[in-house]
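Source file: structure.cif; contents: mmCIF, C-alpha atoms.
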```cif
data_query
#
loop_
_atom_site.label_atom_id
_atom_site.label_comp_id
_atom_site.auth_asym_id
_atom_site.auth_seq_id
_atom_site.Cartn_x
_atom_site.Cartn_y
_atom_site.Cartn_z
CA MET Q 983 -7.28 -33.08 7.07
CA LEU Q 984 -5.98 -30.82 9.80
CA ASN Q 985 -7.88 -30.15 12.98
CA ALA Q 986 -9.72 -26.90 12.49
CA GLN Q 987 -8.97 -25.30 15.81
CA ASP Q 988 -5.22 -25.42 15.56
CA PHE Q 989 -5.00 -24.65 11.90
CA LEU Q 990 -3.08 -21.37 12.15
CA GLU Q 991 -0.49 -23.01 14.40
CA GLU Q 992 -0.29 -26.00 12.08
CA LEU Q 993 0.16 -23.70 9.13
CA ALA Q 994 2.85 -21.77 10.99
CA ALA Q 995 4.66 -25.05 11.73
CA ILE Q 996 4.52 -25.97 8.05
CA LEU Q 997 5.90 -22.55 7.15
CA GLU Q 998 8.77 -23.04 9.60
CA ASP Q 999 9.64 -26.31 7.87
CA ARG Q 1000 9.51 -24.65 4.48
CA LYS Q 1001 12.15 -22.14 5.58
CA ARG Q 1002 14.66 -24.98 5.29
CA ALA Q 1003 13.25 -26.40 2.04
CA ASP Q 1004 14.81 -26.09 -1.39
CA PRO Q 1005 14.15 -22.65 -2.90
CA ALA Q 1006 14.03 -24.32 -6.31
CA THR Q 1007 10.87 -26.23 -5.41
CA SER Q 1008 9.37 -24.37 -2.44
CA TYR Q 1009 7.63 -21.02 -2.92
CA VAL Q 1010 8.12 -20.14 0.77
CA ALA Q 1011 11.80 -21.13 0.80
CA LYS Q 1012 12.28 -19.02 -2.30
CA LEU Q 1013 10.72 -16.00 -0.60
CA HIS Q 1014 13.05 -16.42 2.39
CA ALA Q 1015 16.04 -16.83 0.07
CA LYS Q 1016 15.14 -13.60 -1.73
CA GLY Q 1017 15.05 -11.89 1.65
CA GLN Q 1018 12.89 -9.67 3.81
CA ASP Q 1019 12.10 -7.10 1.12
CA ALA Q 1020 10.67 -9.77 -1.20
CA ILE Q 1021 8.35 -10.92 1.58
CA LEU Q 1022 7.30 -7.36 2.46
CA ARG Q 1023 6.68 -6.61 -1.22
CA LYS Q 1024 4.21 -9.52 -1.24
CA VAL Q 1025 2.52 -8.25 1.93
CA GLY Q 1026 2.07 -4.87 0.26
CA GLU Q 1027 0.85 -6.35 -3.01
CA GLU Q 1028 -1.66 -8.62 -1.31
CA ALA Q 1029 -2.97 -5.71 0.76
CA VAL Q 1030 -3.62 -3.79 -2.47
CA GLU Q 1031 -5.27 -6.84 -4.05
CA THR Q 1032 -7.43 -7.25 -0.95
CA ILE Q 1033 -8.56 -3.63 -1.22
CA LEU Q 1034 -9.36 -4.03 -4.93
CA ALA Q 1035 -11.22 -7.30 -4.25
CA ALA Q 1036 -13.31 -5.57 -1.57
CA LYS Q 1037 -14.18 -2.79 -4.03
CA SER Q 1038 -15.17 -5.37 -6.66
CA GLY Q 1039 -17.90 -6.70 -4.40
CA ASP Q 1040 -16.87 -10.28 -5.26
CA THR Q 1041 -16.86 -11.98 -1.85
CA LEU Q 1042 -15.13 -15.13 -3.10
CA GLN Q 1043 -12.32 -12.99 -4.47
CA LEU Q 1044 -12.18 -11.05 -1.20
CA VAL Q 1045 -11.78 -14.28 0.77
CA ARG Q 1046 -9.00 -15.45 -1.55
CA GLU Q 1047 -7.06 -12.20 -1.41
CA THR Q 1048 -7.43 -11.96 2.37
CA ALA Q 1049 -6.12 -15.54 2.60
CA ASP Q 1050 -3.13 -14.49 0.47
CA LEU Q 1051 -2.57 -11.48 2.73
CA TRP Q 1052 -2.74 -13.51 5.95
CA PHE Q 1053 -0.52 -16.21 4.41
CA HIS Q 1054 2.21 -13.73 3.54
CA THR Q 1055 2.00 -12.02 6.95
CA LEU Q 1056 2.61 -15.49 8.44
CA VAL Q 1057 5.69 -15.87 6.23
CA MET Q 1058 6.80 -12.40 7.35
CA LEU Q 1059 6.33 -13.33 11.02
CA SER Q 1060 8.26 -16.56 10.46
CA HIS Q 1061 11.09 -14.62 8.83
CA ALA Q 1062 11.29 -12.49 12.00
CA GLY Q 1063 11.23 -15.52 14.31
CA LEU Q 1064 7.62 -14.83 15.29
CA GLY Q 1065 4.35 -16.67 14.79
CA PRO Q 1066 0.58 -16.24 14.83
CA ARG Q 1067 0.50 -16.90 18.58
CA ASP Q 1068 2.37 -13.64 19.14
CA VAL Q 1069 -0.21 -11.68 17.17
CA ILE Q 1070 -3.11 -13.55 18.80
CA ALA Q 1071 -1.57 -12.85 22.23
CA GLU Q 1072 -1.38 -9.15 21.38
CA LEU Q 1073 -5.02 -9.08 20.27
CA LYS Q 1074 -6.02 -10.94 23.45
CA ARG Q 1075 -3.97 -8.60 25.60
CA ARG Q 1076 -5.82 -5.60 24.19
CA GLU Q 1077 -9.15 -7.21 24.80
CA GLY Q 1078 -8.17 -8.47 28.21
CA ILE Q 1079 -7.05 -5.09 29.48
CA SER Q 1080 -9.70 -2.75 28.24
CA GLY Q 1081 -11.59 -4.07 25.28
CA VAL Q 1082 -10.41 -4.93 21.80
CA GLU Q 1083 -11.76 -1.95 19.99
CA GLU Q 1084 -10.76 0.61 22.54
CA LYS Q 1085 -7.15 -0.45 22.06
CA ALA Q 1086 -7.51 -0.44 18.30
CA ALA Q 1087 -8.43 3.22 18.51
CA ARG Q 1088 -5.20 3.96 20.33
CA PRO Q 1089 -2.38 2.69 18.10
CA GLN Q 1090 0.15 4.95 19.85
CA GLU Q 1091 -0.19 3.15 23.19
CA SER Q 1092 3.07 2.82 25.11
CA MET L 867 -7.58 -20.66 27.39
CA LEU L 868 -8.92 -20.43 23.88
CA ASN L 869 -6.76 -21.54 20.98
CA ALA L 870 -5.97 -19.28 18.05
CA GLN L 871 -8.93 -19.94 15.83
CA ASP L 872 -11.39 -19.94 18.70
CA PHE L 873 -10.14 -16.54 19.72
CA LEU L 874 -10.46 -15.24 16.18
CA GLU L 875 -14.06 -16.44 16.14
CA GLU L 876 -14.70 -14.83 19.52
CA LEU L 877 -13.16 -11.60 18.29
CA ALA L 878 -15.24 -11.79 15.11
CA ALA L 879 -18.38 -12.18 17.24
CA ILE L 880 -17.42 -9.11 19.24
CA LEU L 881 -16.85 -7.18 16.03
CA GLU L 882 -20.30 -8.22 14.78
CA ASP L 883 -21.83 -6.80 17.96
CA ARG L 884 -19.91 -3.58 17.53
CA LYS L 885 -21.46 -3.07 14.10
CA ARG L 886 -24.65 -2.15 15.91
CA ALA L 887 -22.99 -0.06 18.63
CA ASP L 888 -23.02 3.73 18.87
CA PRO L 889 -20.50 5.30 16.44
CA ALA L 890 -19.98 8.04 19.02
CA THR L 891 -18.44 5.62 21.49
CA SER L 892 -17.38 2.59 19.42
CA TYR L 893 -14.35 2.78 17.13
CA VAL L 894 -15.60 -0.18 15.08
CA ALA L 895 -19.14 1.20 14.75
CA LYS L 896 -17.62 4.50 13.62
CA LEU L 897 -15.59 2.75 10.92
CA HIS L 898 -18.73 1.00 9.63
CA ALA L 899 -20.65 4.29 9.72
CA LYS L 900 -17.95 5.98 7.66
CA GLY L 901 -18.26 3.16 5.16
CA GLN L 902 -16.21 0.64 3.22
CA ASP L 903 -13.56 3.09 2.00
CA ALA L 904 -12.73 4.16 5.56
CA ILE L 905 -12.18 0.52 6.51
CA LEU L 906 -10.08 -0.18 3.41
CA ARG L 907 -8.02 2.94 4.05
CA LYS L 908 -7.17 1.50 7.48
CA VAL L 909 -6.25 -1.88 5.94
CA GLY L 910 -3.88 -0.08 3.57
CA GLU L 911 -2.40 2.12 6.29
CA GLU L 912 -1.80 -0.80 8.65
CA ALA L 913 -0.14 -2.79 5.84
CA VAL L 914 2.28 0.11 5.32
CA GLU L 915 2.90 0.37 9.07
CA THR L 916 3.52 -3.37 9.21
CA ILE L 917 6.10 -3.08 6.43
CA LEU L 918 7.83 -0.17 8.18
CA ALA L 919 7.79 -2.04 11.51
CA ALA L 920 9.39 -5.07 9.83
CA LYS L 921 12.12 -2.83 8.40
CA SER L 922 12.73 -1.28 11.84
CA GLY L 923 13.74 -4.66 13.24
CA ASP L 924 11.64 -4.00 16.35
CA THR L 925 9.77 -7.29 16.81
CA LEU L 926 7.38 -5.91 19.43
CA GLN L 927 6.39 -3.15 17.02
CA LEU L 928 6.00 -5.73 14.24
CA VAL L 929 3.64 -7.81 16.40
CA ARG L 930 1.57 -4.73 17.24
CA GLU L 931 1.27 -3.55 13.65
CA THR L 932 0.43 -7.04 12.39
CA ALA L 933 -2.26 -7.22 15.09
CA ASP L 934 -3.63 -3.89 13.81
CA LEU L 935 -3.59 -5.22 10.24
CA TRP L 936 -5.38 -8.47 11.14
CA PHE L 937 -7.87 -6.55 13.28
CA HIS L 938 -8.83 -4.25 10.43
CA THR L 939 -9.06 -7.13 7.94
CA LEU L 940 -11.54 -8.71 10.38
CA VAL L 941 -13.58 -5.48 10.39
CA MET L 942 -13.40 -5.51 6.57
CA LEU L 943 -14.62 -9.13 6.44
CA SER L 944 -17.42 -8.28 8.87
CA HIS L 945 -18.44 -5.34 6.69
CA ALA L 946 -18.77 -7.76 3.75
CA GLY L 947 -20.76 -10.30 5.77
CA LEU L 948 -17.77 -12.62 6.04
CA GLY L 949 -15.63 -13.85 8.91
CA PRO L 950 -12.28 -15.44 9.75
CA ARG L 951 -13.75 -18.92 9.22
CA ASP L 952 -14.11 -18.13 5.52
CA VAL L 953 -10.44 -17.22 5.27
CA ILE L 954 -9.35 -20.21 7.37
CA ALA L 955 -11.49 -22.47 5.16
CA GLU L 956 -9.79 -21.07 2.06
CA LEU L 957 -6.33 -21.64 3.55
CA LYS L 958 -7.36 -25.18 4.54
CA ARG L 959 -8.77 -25.85 1.12
CA ARG L 960 -5.44 -24.98 -0.47
CA GLU L 961 -3.63 -27.20 2.00
CA GLY L 962 -6.10 -30.00 1.54
CA ILE L 963 -5.85 -30.07 -2.22
CA SER L 964 -2.18 -29.78 -2.91
CA GLY L 965 -0.25 -28.12 -0.15
CA VAL L 966 -0.49 -24.64 1.26
CA GLU L 967 2.51 -23.14 -0.36
CA GLU L 968 1.96 -24.63 -3.76
CA LYS L 969 -1.40 -22.85 -3.89
CA ALA L 970 0.10 -19.62 -2.64
CA ALA L 971 2.38 -19.66 -5.64
CA ARG L 972 -0.60 -19.85 -7.96
CA PRO L 973 -2.80 -16.84 -7.09
CA GLN L 974 -4.50 -17.00 -10.49
CA GLU L 975 -6.13 -20.36 -9.78
CA SER L 976 -9.65 -20.72 -11.13
CA MET T 1081 16.05 20.51 -23.59
CA LEU T 1082 12.53 20.33 -22.25
CA ASN T 1083 11.89 21.41 -18.70
CA ALA T 1084 10.14 19.21 -16.19
CA GLN T 1085 6.54 20.00 -16.90
CA ASP T 1086 7.03 20.03 -20.66
CA PHE T 1087 8.50 16.57 -20.46
CA LEU T 1088 5.61 15.33 -18.35
CA GLU T 1089 3.22 16.67 -21.00
CA GLU T 1090 5.26 15.02 -23.73
CA LEU T 1091 5.27 11.76 -21.81
CA ALA T 1092 1.52 12.07 -21.26
CA ALA T 1093 1.04 12.53 -25.02
CA ILE T 1094 3.07 9.40 -25.68
CA LEU T 1095 0.97 7.51 -23.13
CA GLU T 1096 -2.22 8.68 -24.87
CA ASP T 1097 -0.90 7.27 -28.15
CA ARG T 1098 -0.04 3.99 -26.49
CA LYS T 1099 -3.64 3.58 -25.35
CA ARG T 1100 -4.46 2.74 -28.96
CA ALA T 1101 -1.39 0.56 -29.55
CA ASP T 1102 -1.36 -3.22 -29.81
CA PRO T 1103 -1.54 -4.84 -26.34
CA ALA T 1104 0.62 -7.64 -27.69
CA THR T 1105 3.59 -5.31 -28.15
CA SER T 1106 2.84 -2.30 -25.93
CA TYR T 1107 3.15 -2.54 -22.14
CA VAL T 1108 0.89 0.48 -21.67
CA ALA T 1109 -1.76 -0.78 -24.11
CA LYS T 1110 -1.70 -4.10 -22.29
CA LEU T 1111 -2.31 -2.39 -18.95
CA HIS T 1112 -5.30 -0.51 -20.41
CA ALA T 1113 -6.62 -3.74 -21.95
CA LYS T 1114 -6.42 -5.49 -18.59
CA GLY T 1115 -8.41 -2.63 -17.12
CA GLN T 1116 -8.40 -0.16 -14.25
CA ASP T 1117 -7.61 -2.68 -11.50
CA ALA T 1118 -4.45 -3.83 -13.26
CA ILE T 1119 -3.25 -0.22 -13.43
CA LEU T 1120 -4.14 0.46 -9.78
CA ARG T 1121 -2.39 -2.74 -8.72
CA LYS T 1122 0.77 -1.39 -10.34
CA VAL T 1123 0.34 1.98 -8.59
CA GLY T 1124 0.09 0.13 -5.28
CA GLU T 1125 3.04 -2.15 -6.01
CA GLU T 1126 5.28 0.72 -7.08
CA ALA T 1127 4.36 2.69 -3.95
CA VAL T 1128 5.49 -0.29 -1.84
CA GLU T 1129 8.69 -0.63 -3.88
CA THR T 1130 9.33 3.10 -3.45
CA ILE T 1131 8.97 2.76 0.32
CA LEU T 1132 11.33 -0.23 0.40
CA ALA T 1133 13.84 1.59 -1.83
CA ALA T 1134 13.76 4.59 0.53
CA LYS T 1135 14.43 2.28 3.49
CA SER T 1136 17.35 0.67 1.63
CA GLY T 1137 19.18 3.99 1.50
CA ASP T 1138 20.07 3.36 -2.16
CA THR T 1139 19.28 6.70 -3.80
CA LEU T 1140 19.61 5.37 -7.35
CA GLN T 1141 17.05 2.69 -6.53
CA LEU T 1142 14.80 5.32 -4.93
CA VAL T 1143 14.92 7.44 -8.08
CA ARG T 1144 14.05 4.42 -10.23
CA GLU T 1145 11.14 3.30 -8.09
CA THR T 1146 9.77 6.83 -7.83
CA ALA T 1147 9.98 7.06 -11.63
CA ASP T 1148 8.02 3.80 -11.85
CA LEU T 1149 5.43 5.18 -9.42
CA TRP T 1150 5.02 8.46 -11.29
CA PHE T 1151 4.90 6.61 -14.61
CA HIS T 1152 2.04 4.38 -13.46
CA THR T 1153 0.13 7.31 -11.93
CA LEU T 1154 0.37 8.93 -15.39
CA VAL T 1155 -1.10 5.77 -16.96
CA MET T 1156 -3.82 5.85 -14.30
CA LEU T 1157 -4.61 9.50 -15.05
CA SER T 1158 -4.68 8.72 -18.77
CA HIS T 1159 -7.09 5.83 -18.13
CA ALA T 1160 -9.41 8.32 -16.38
CA GLY T 1161 -9.16 10.89 -19.17
CA LEU T 1162 -6.89 13.10 -17.09
CA GLY T 1163 -3.28 14.22 -17.38
CA PRO T 1164 -0.38 15.69 -15.42
CA ARG T 1165 -1.63 19.22 -16.12
CA ASP T 1166 -4.66 18.50 -13.93
CA VAL T 1167 -2.43 17.47 -11.04
CA ILE T 1168 -0.05 20.39 -11.59
CA ALA T 1169 -3.04 22.74 -11.67
CA GLU T 1170 -4.26 21.35 -8.37
CA LEU T 1171 -0.83 21.78 -6.76
CA LYS T 1172 -0.66 25.34 -8.15
CA ARG T 1173 -4.14 26.11 -6.92
CA ARG T 1174 -3.14 25.14 -3.39
CA GLU T 1175 -0.02 27.26 -3.66
CA GLY T 1176 -1.92 30.15 -5.15
CA ILE T 1177 -4.55 30.27 -2.45
CA SER T 1178 -2.61 29.87 0.75
CA GLY T 1179 0.69 28.11 0.30
CA VAL T 1180 1.47 24.61 -0.85
CA GLU T 1181 2.21 23.04 2.47
CA GLU T 1182 -0.65 24.64 4.34
CA LYS T 1183 -3.06 22.98 1.92
CA ALA T 1184 -1.25 19.68 2.16
CA ALA T 1185 -1.94 19.71 5.86
CA ARG T 1186 -5.66 20.05 5.23
CA PRO T 1187 -6.59 17.10 3.00
CA GLN T 1188 -10.25 17.37 4.03
CA GLU T 1189 -10.67 20.77 2.35
CA SER T 1190 -13.99 21.24 0.58
CA MET Z 1030 1.67 33.20 -9.59
CA LEU Z 1031 4.42 30.81 -10.48
CA ASN Z 1032 5.51 30.18 -14.05
CA ALA Z 1033 3.77 27.01 -15.13
CA GLN Z 1034 6.69 25.30 -16.80
CA ASP Z 1035 8.99 25.37 -13.85
CA PHE Z 1036 6.40 24.61 -11.27
CA LEU Z 1037 7.75 21.29 -10.07
CA GLU Z 1038 11.21 22.78 -9.61
CA GLU Z 1039 9.70 25.81 -7.86
CA LEU Z 1040 7.71 23.52 -5.62
CA ALA Z 1041 10.82 21.49 -4.86
CA ALA Z 1042 12.70 24.68 -3.97
CA ILE Z 1043 9.88 25.67 -1.60
CA LEU Z 1044 10.01 22.22 -0.03
CA GLU Z 1045 13.77 22.58 0.50
CA ASP Z 1046 13.16 25.85 2.34
CA ARG Z 1047 10.50 24.25 4.48
CA LYS Z 1048 12.99 21.65 5.68
CA ARG Z 1049 14.52 24.40 7.80
CA ALA Z 1050 11.22 25.92 8.92
CA ASP Z 1051 9.68 25.60 12.38
CA PRO Z 1052 7.99 22.20 12.83
CA ALA Z 1053 5.42 23.92 15.02
CA THR Z 1054 4.07 25.92 12.11
CA SER Z 1055 5.23 24.07 8.98
CA TYR Z 1056 3.63 20.78 7.95
CA VAL Z 1057 6.65 19.84 5.84
CA ALA Z 1058 9.16 20.69 8.57
CA LYS Z 1059 7.09 18.61 10.98
CA LEU Z 1060 7.22 15.62 8.64
CA HIS Z 1061 11.02 15.93 8.38
CA ALA Z 1062 11.29 16.27 12.17
CA LYS Z 1063 9.26 13.09 12.65
CA GLY Z 1064 11.67 11.34 10.31
CA GLN Z 1065 11.75 9.16 7.24
CA ASP Z 1066 9.11 6.66 8.39
CA ALA Z 1067 6.53 9.41 8.91
CA ILE Z 1068 7.10 10.60 5.34
CA LEU Z 1069 6.93 7.07 3.93
CA ARG Z 1070 3.76 6.38 5.90
CA LYS Z 1071 2.20 9.37 4.12
CA VAL Z 1072 3.40 8.12 0.72
CA GLY Z 1073 1.74 4.78 1.44
CA GLU Z 1074 -1.46 6.36 2.74
CA GLU Z 1075 -1.80 8.69 -0.23
CA ALA Z 1076 -1.22 5.78 -2.64
CA VAL Z 1077 -4.12 3.93 -0.99
CA GLU Z 1078 -6.29 7.05 -1.12
CA THR Z 1079 -5.41 7.50 -4.80
CA ILE Z 1080 -6.49 3.92 -5.52
CA LEU Z 1081 -9.77 4.41 -3.65
CA ALA Z 1082 -10.39 7.72 -5.43
CA ALA Z 1083 -9.83 6.02 -8.80
CA LYS Z 1084 -12.35 3.31 -7.86
CA SER Z 1085 -14.88 5.97 -6.80
CA GLY Z 1086 -14.98 7.36 -10.34
CA ASP Z 1087 -14.81 10.91 -8.94
CA THR Z 1088 -12.19 12.55 -11.17
CA LEU Z 1089 -11.87 15.65 -9.00
CA GLN Z 1090 -11.09 13.44 -6.02
CA LEU Z 1091 -8.63 11.46 -8.12
CA VAL Z 1092 -6.79 14.64 -9.09
CA ARG Z 1093 -6.63 15.76 -5.45
CA GLU Z 1094 -5.33 12.44 -4.15
CA THR Z 1095 -2.77 12.15 -6.94
CA ALA Z 1096 -1.61 15.68 -6.06
CA ASP Z 1097 -1.24 14.57 -2.44
CA LEU Z 1098 0.72 11.51 -3.57
CA TRP Z 1099 3.06 13.48 -5.80
CA PHE Z 1100 3.48 16.13 -3.09
CA HIS Z 1101 4.57 13.57 -0.51
CA THR Z 1102 6.92 11.82 -2.96
CA LEU Z 1103 8.54 15.26 -3.44
CA VAL Z 1104 8.96 15.57 0.34
CA MET Z 1105 10.41 12.03 0.36
CA LEU Z 1106 12.87 12.92 -2.42
CA SER Z 1107 13.84 16.11 -0.57
CA HIS Z 1108 14.45 14.08 2.60
CA ALA Z 1109 16.87 11.91 0.61
CA GLY Z 1110 18.67 14.90 -0.92
CA LEU Z 1111 16.97 14.32 -4.28
CA GLY Z 1112 14.49 16.28 -6.36
CA PRO Z 1113 11.99 15.97 -9.20
CA ARG Z 1114 14.74 16.60 -11.75
CA ASP Z 1115 16.31 13.26 -10.78
CA VAL Z 1116 13.05 11.43 -11.43
CA ILE Z 1117 12.40 13.36 -14.65
CA ALA Z 1118 15.95 12.56 -15.80
CA GLU Z 1119 15.33 8.87 -15.13
CA LEU Z 1120 12.08 8.94 -17.12
CA LYS Z 1121 13.84 10.80 -19.96
CA ARG Z 1122 16.73 8.36 -19.90
CA ARG Z 1123 14.35 5.44 -20.38
CA GLU Z 1124 12.65 7.17 -23.25
CA GLY Z 1125 15.90 8.27 -24.79
CA ILE Z 1126 17.44 4.83 -24.86
CA SER Z 1127 14.65 2.62 -26.02
CA GLY Z 1128 11.24 4.07 -25.44
CA VAL Z 1129 9.47 4.91 -22.24
CA GLU Z 1130 7.17 2.01 -22.03
CA GLU Z 1131 9.67 -0.63 -22.99
CA LYS Z 1132 11.77 0.37 -20.01
CA ALA Z 1133 8.76 0.45 -17.74
CA ALA Z 1134 8.19 -3.17 -18.56
CA ARG Z 1135 11.68 -4.04 -17.37
CA PRO Z 1136 11.92 -2.79 -13.79
CA GLN Z 1137 14.83 -5.14 -13.05
CA GLU Z 1138 17.15 -3.41 -15.53
CA SER Z 1139 20.76 -3.16 -14.40
#
```
Represent the supplied structure as structure tokens.
Amino acid sequence: MLNAQDFLEELAAILEDRKRADPATSYVAKLHAKGQDAILRKVGEEAVETILAAKSGDTLQLVRETADLWFHTLVMLSHAGLGPRDVIAELKRREGISGVEEKAARPQES
Amino acid sequence: MLNAQDFLEELAAILEDRKRADPATSYVAKLHAKGQDAILRKVGEEAVETILAAKSGDTLQLVRETADLWFHTLVMLSHAGLGPRDVIAELKRREGISGVEEKAARPQES
Amino acid sequence: MLNAQDFLEELAAILEDRKRADPATSYVAKLHAKGQDAILRKVGEEAVETILAAKSGDTLQLVRETADLWFHTLVMLSHAGLGPRDVIAELKRREGISGVEEKAARPQES
Amino acid sequence: MLNAQDFLEELAAILEDRKRADPATSYVAKLHAKGQDAILRKVGEEAVETILAAKSGDTLQLVRETADLWFHTLVMLSHAGLGPRDVIAELKRREGISGVEEKAARPQES
């Protein structure tokens, strides 16, 4: 069982390993082999499934679909040579400077 | 310095507080006041922006848009009485049982 | 040769017939049998594929994905008891009142 | 009042004209001036709004959002030097060869 606190980093490390796995047996390696568009298609699909799960009012389903969405954004980040720490750092930066939500309201920031 | 999951929990706590803030001054309170569809619309929009950022090849932009997407999924979870720990627990559960990526390949699991 | 709107009406009539077809042999009947969410999932997926096709610069692929998107919006309309004539009427109404694009810029119209 | 049957072509012709209009006064010209991503962002947003309208059960809203979606796919086609006749031809081609829905079920056709 993984340590809870570092789970996202652990998961990201696993995903990095899977990049070099056999596409015939690894779902993640297969996504990378198919290329960026295949990964982005999954991000889009899981976003739609998350929205539909939220509308269904089934919280268990919502948790599952959000997990799928986060999982595939992690694969997408990995494909681009990035990881969850980059996204976390960005969220922290916004909060650190002037409050998380204030930044969220200004997506066009320079 | 907080690690990734701690920060997500801290951010989730902030978002819970913002639920009860003044919609006139708080972006998050305004989203909640507008209702679930307004939040889901943002989740969908940020997913599209994330996809376009990935296609642009601009990694800084990709980090920012992914941060926006995660942020709005956290607001969505908060709206449903859920939090990042539920999603992390689901991702851990998949890992614990039979490997993260194996589960990801079987979204129709019972 | 039928013109554009006539063909859309013809296609809509075919889709109405398929609602009552055998889900085991008809793709459209199967979508209806799975229910509204299955149809909406396809609308979302085809929108993402259309966006990715546009980014690819492959116009043949863009035409195909847009056809898929329109096709599934027609199935969605059919599921709701609506048809392309309702959408065409709405687009005409906007044009008739004050110009197509002016209306498009004001999505919050009453 | 436009002739009903040729409305999509008429609308496409209007959209072509608007490409060369002043972005300060024309919504469509402004979208083109902002570039492809701005148009695709709208396609994605309107797809999400269409899905949410379908879930709301409000058929009038569904018609309006589908009109917005179709409208922005027409702008997208125009941006790529294409028009509704290309999409209609593709839909006809599928029907002509082996039935509309059979083709829809095989999006990976060569």
Requested in this report: Identify which of the residues Z:Leu1069, Z:Ala1058, Z:Leu1103, Z:Leu1098 lies closest to chain L, counting all atoms listed in the file when measuring atom-to-atom distances.
Outcome: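 With all atoms listed in the file as the atom set, the closest residue is Z:Leu1069.
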Query raised in the report: Exactly which residues make up the result of the PyMOL selection byres ((chain L) within 12 of (chain Z)) on this file, given as a ChimeraX atom specification?
Result: /L:902-922
Requested in this report: Please provide the set of residues having any atom within 10 Å of Ala1147 of chain T, restricted to all atoms listed in the file, with same-chain residues fewer than 2 positions apart removed, written as a list in words.
Outcome: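 Near Ala1147 of chain T, the qualifying residues are Glu1126, Thr1130, Gln1141, Leu1142, Val1143, Arg1144, Glu1145, Leu1149, Trp1150, Phe1151, His1152 and Thr1153 of chain T; Pro1113, Asp1115, Val1116, Ile1117, Ala1118, Glu1119, Leu1120, Lys1121, Arg1123 and Ala1133 of chain Z.
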Extract, using only C-alpha atoms, all DNA, RNA and protein residues at most 9 Å from segment 875-880 of chain L, discarding same-chain residues fewer than 2 positions from it, and format them as a tab-separated table (two decimals) with C-alpha atoms, in the frame of the given file.
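Below is the file around_26.tsv, written as the result:
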```tsv
chain	number	residue	atom	x	y	z
Q	1073	LEU	CA	-5.02	-9.08	20.27
Q	1074	LYS	CA	-6.02	-10.94	23.45
Q	1077	GLU	CA	-9.15	-7.21	24.80
Q	1082	VAL	CA	-10.41	-4.93	21.80
L	870	ALA	CA	-5.97	-19.28	18.05
L	871	GLN	CA	-8.93	-19.94	15.83
L	872	ASP	CA	-11.39	-19.94	18.70
L	873	PHE	CA	-10.14	-16.54	19.72
L	882	GLU	CA	-20.30	-8.22	14.78
L	883	ASP	CA	-21.83	-6.80	17.96
L	884	ARG	CA	-19.91	-3.58	17.53
L	885	LYS	CA	-21.46	-3.07	14.10
L	937	PHE	CA	-7.87	-6.55	13.28
L	940	LEU	CA	-11.54	-8.71	10.38
L	941	VAL	CA	-13.58	-5.48	10.39
L	944	SER	CA	-17.42	-8.28	8.87
L	949	GLY	CA	-15.63	-13.85	8.91
L	950	PRO	CA	-12.28	-15.44	9.75
L	951	ARG	CA	-13.75	-18.92	9.22
```
Query raised in the report: Which of these, L:Ser892, L:His898, L:Leu948, L:Arg886, has the shortest distance to Thr1048 of chain Q once you count only C-alpha atoms?
Result: L:Leu948
Report task. Would you work out the distance separating atom CA of Gly1063 of chain Q from atom CA of Lys1016 of chain Q, expressed in Å to one decimal? Result -> 16.6 Å
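For the atom pair formed by atom CA of Tyr1009 of chain Q and atom CA of Leu990 of chain Q, the distance is 18.5 Å, given to one decimal.
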Query raised in the report: In Å to one decimal, how far is atom CA of Asp1148 of chain T from atom CA of Leu1111 of chain T?
Result: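 That distance, rounded to one decimal, is 14.0 Å.
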Completed segment 895-900 of chain L (N, CA, C and O atoms) as a PDB file, keeping the file's coordinate frame:
```pdb
ATOM      1  N   ALA L 895     -17.871   0.684  15.280  1.00  0.00           N
ATOM      2  CA  ALA L 895     -19.140   1.200  14.750  1.00  0.00           C
ATOM      3  C   ALA L 895     -18.896   2.458  13.908  1.00  0.00           C
ATOM      4  O   ALA L 895     -19.534   2.666  12.873  1.00  0.00           O
ATOM      5  N   LYS L 896     -17.953   3.268  14.347  1.00  0.00           N
ATOM      6  CA  LYS L 896     -17.620   4.500  13.620  1.00  0.00           C
ATOM      7  C   LYS L 896     -17.039   4.180  12.249  1.00  0.00           C
ATOM      8  O   LYS L 896     -17.384   4.820  11.249  1.00  0.00           O
ATOM      9  N   LEU L 897     -16.164   3.167  12.207  1.00  0.00           N
ATOM     10  CA  LEU L 897     -15.590   2.750  10.920  1.00  0.00           C
ATOM     11  C   LEU L 897     -16.700   2.294   9.975  1.00  0.00           C
ATOM     12  O   LEU L 897     -16.719   2.676   8.797  1.00  0.00           O
ATOM     13  N   HIS L 898     -17.626   1.471  10.476  1.00  0.00           N
ATOM     14  CA  HIS L 898     -18.730   1.000   9.630  1.00  0.00           C
ATOM     15  C   HIS L 898     -19.594   2.181   9.169  1.00  0.00           C
ATOM     16  O   HIS L 898     -20.047   2.215   8.029  1.00  0.00           O
ATOM     17  N   ALA L 899     -19.820   3.130  10.072  1.00  0.00           N
ATOM     18  CA  ALA L 899     -20.650   4.290   9.720  1.00  0.00           C
ATOM     19  C   ALA L 899     -19.996   5.133   8.628  1.00  0.00           C
ATOM     20  O   ALA L 899     -20.668   5.661   7.741  1.00  0.00           O
ATOM     21  N   LYS L 900     -18.688   5.224   8.698  1.00  0.00           N
ATOM     22  CA  LYS L 900     -17.950   5.980   7.660  1.00  0.00           C
ATOM     23  C   LYS L 900     -18.009   5.251   6.323  1.00  0.00           C
ATOM     24  O   LYS L 900     -17.887   5.870   5.273  1.00  0.00           O
TER      25      LYS L 900
END
```
